[in-house]
Amino acid sequence: MTTMNVRQLRAQTSTAAAVLAAVATIIGAWQLAVVFGNRVPSVADSIGRLGSEAAIGELWTNLAISMNRFVLGLAAALIVGAAIGVLMGLSRVADLAFSDLNAAALAIPAVIWALLTTMWFGFGWLTPVVTVFLSGLPFVVVNIAKATRAVPADLVLMARAFGVSRTRVLREIVAPAVAGSTVAAVRFAIMSAWNGLLLAEWFGSTSGVGWRSRYWYDANQLDGFLAWVLVFILLLVIADLLILGPIERYATRWRTA
């Protein structure tokens, strides 16, 4: 077995252990809440309710709707945020123009974006998509800008002095340097945007995971409410450990080479 295969096997084993540990922690904390809390339904009751939701078609339908909205809003945040972040990192004027605005956006919680977009766009698909975009955008901008500023200026100037095009500089010098920070930006953006999606669907939608959570909350059925909260938590854990973790290790593999 080669060294590369050994590293991959260790990474996969570590990822699986991390997933199991995260799930065990969630279940353990839940059980403690059941024992010491009041009116907290058990894990079995909530999973049973989730099974009932799947049986009547509510689980996969609303989950698909939410994921479509989330991917669309997050993709827009990554594209726009990366462009603004690189511009801020390379241009002093752009940094002065956007830094205070982005700092203000970072200070705004996702619930405010959810309420604003509900008032702006009403009940429809645009409200959660725009909320996801606005919740994730500032985290992408700040991480990409910071990573771009860390690129050695002398290296960029030397490349330009030898006639290397700006596009090639961005592709072969700036992009590899910000790859690791891009994954960090995506991780922070996902956390904030995921919360924004839940809140936007809670306040301004008639479909999706957030809306279904509110349905059971309004019905005063905590097992149904916590079942959908569990879906949200598990999706975050899975995305972070099984998707973003391997991508980050790949993007920063040169550090351990």
# chains A, B, ... in the order shown; residues from 1 in each chain; ligands from 1
>>> residues_around(residues="range 202-215 of chain A", least_positions_apart="2", cutoff="10 Å", atoms="only C-alpha atoms", output="PDB file with C-alpha atoms, in the first residue's frame")
ATOM      1  CA  GLU A  53     -43.398  12.794   7.384  1.00  0.00           C
ATOM      2  CA  GLU A  58     -43.516  15.851   3.183  1.00  0.00           C
ATOM      3  CA  LEU A  59     -39.910  15.059   4.107  1.00  0.00           C
ATOM      4  CA  TRP A  60     -38.275  14.661   0.708  1.00  0.00           C
ATOM      5  CA  THR A  61     -40.444  17.259  -1.041  1.00  0.00           C
ATOM      6  CA  ASN A  62     -39.703  20.040   1.430  1.00  0.00           C
ATOM      7  CA  LEU A  63     -36.075  18.990   1.777  1.00  0.00           C
ATOM      8  CA  ALA A  64     -35.594  19.180  -2.003  1.00  0.00           C
ATOM      9  CA  ILE A  65     -37.228  22.614  -2.121  1.00  0.00           C
ATOM     10  CA  SER A  66     -34.985  23.927   0.666  1.00  0.00           C
ATOM     11  CA  MET A  67     -31.826  22.482  -0.864  1.00  0.00           C
ATOM     12  CA  ASN A  68     -32.604  24.048  -4.250  1.00  0.00           C
ATOM     13  CA  ARG A  69     -33.072  27.451  -2.620  1.00  0.00           C
ATOM     14  CA  VAL A 111     -32.941  36.779  11.438  1.00  0.00           C
ATOM     15  CA  ALA A 114     -35.035  36.978   6.932  1.00  0.00           C
ATOM     16  CA  LEU A 115     -37.438  39.622   8.219  1.00  0.00           C
ATOM     17  CA  LEU A 116     -36.280  42.223   5.699  1.00  0.00           C
ATOM     18  CA  THR A 117     -36.537  39.907   2.702  1.00  0.00           C
ATOM     19  CA  THR A 118     -39.989  38.789   3.815  1.00  0.00           C
ATOM     20  CA  MET A 119     -41.116  42.419   3.838  1.00  0.00           C
ATOM     21  CA  PHE A 121     -40.407  40.064  -1.498  1.00  0.00           C
ATOM     22  CA  GLY A 122     -43.312  38.530   0.398  1.00  0.00           C
ATOM     23  CA  PHE A 123     -44.076  34.803   0.399  1.00  0.00           C
ATOM     24  CA  GLY A 124     -42.248  33.065  -2.432  1.00  0.00           C
ATOM     25  CA  TRP A 125     -39.021  31.449  -3.571  1.00  0.00           C
ATOM     26  CA  LEU A 126     -37.118  34.747  -3.788  1.00  0.00           C
ATOM     27  CA  THR A 127     -37.293  35.446  -0.039  1.00  0.00           C
ATOM     28  CA  PRO A 128     -35.249  32.413   1.127  1.00  0.00           C
ATOM     29  CA  ASN A 195     -29.674  29.595   9.516  1.00  0.00           C
ATOM     30  CA  GLY A 196     -30.932  32.312   7.190  1.00  0.00           C
ATOM     31  CA  LEU A 197     -32.732  29.742   5.069  1.00  0.00           C
ATOM     32  CA  LEU A 198     -34.515  28.256   8.085  1.00  0.00           C
ATOM     33  CA  LEU A 199     -35.623  31.692   9.296  1.00  0.00           C
ATOM     34  CA  ALA A 200     -36.693  32.901   5.851  1.00  0.00           C
ATOM     35  CA  TYR A 217     -44.466  24.491  16.184  1.00  0.00           C
ATOM     36  CA  ASP A 218     -47.797  26.215  15.579  1.00  0.00           C
ATOM     37  CA  ALA A 219     -49.512  22.859  16.170  1.00  0.00           C
ATOM     38  CA  ASN A 220     -47.679  22.633  19.535  1.00  0.00           C
ATOM     39  CA  GLN A 221     -46.253  19.239  18.551  1.00  0.00           C
ATOM     40  CA  LEU A 222     -42.673  19.313  19.788  1.00  0.00           C
ATOM     41  CA  GLY A 224     -42.546  17.158  14.843  1.00  0.00           C
ATOM     42  CA  PHE A 225     -40.744  20.454  15.419  1.00  0.00           C
ATOM     43  CA  LEU A 226     -37.608  18.779  16.815  1.00  0.00           C
ATOM     44  CA  ALA A 227     -37.692  16.183  14.028  1.00  0.00           C
ATOM     45  CA  TRP A 228     -37.191  18.927  11.438  1.00  0.00           C
ATOM     46  CA  VAL A 229     -34.602  20.670  13.607  1.00  0.00           C
ATOM     47  CA  VAL A 231     -32.794  17.314   9.854  1.00  0.00           C
ATOM     48  CA  PHE A 232     -31.190  20.764   9.782  1.00  0.00           C
TER      49      PHE A 232
END
>>> select_by_dssp(residues="range 92-230 of chain A", states="alpha helix (DSSP H)", output="ChimeraX atom specification")
/A:92-107,110-121,126-149,153-161,166-169,175-204,209-218,222-230
>>> residues_around(residues="Ser192 in chain A", least_positions_apart="2", cutoff="9 Å", atoms="only C-alpha atoms", output="ChimeraX atom specification")
/A:109-110,132,135-136,139,187-190,194-197
>>> residues_around(residues="range 93-100 of chain A", least_positions_apart="5", cutoff="9 Å", atoms="only C-alpha atoms", output="list in words")
Ile84, Gly85, Leu87, Met88, Ala105, Val142 and Ala145 of chain A
>>> closest_residue(among="A:Val237, A:Arg168, A:Ala77, A:Val151", to="Leu134 in chain A", atoms="only C-alpha atoms")
A:Ala77
>>> atom_distance(atom1="CA of Leu235 in chain A", atom2="CA of Leu50 in chain A")
14.4 Å
>>> closest_residue(among="A:Gln31, A:Asn143, A:Thr148, A:Thr182", to="Ala103 in chain A", atoms="only C-alpha atoms")
A:Asn143
>>> atom_distance(atom1="CA of Ser46 in chain A", atom2="CA of Val34 in chain A")
11.7 Å
>>> atom_distance(atom1="CA of Leu32 in chain A", atom2="CA of Asp45 in chain A")
15.0 Å
>>> closest_residue(among="A:Leu106, A:Val169, A:Ala82, A:Ala239", to="Ala185 in chain A", atoms="only C-alpha atoms")
A:Ala82
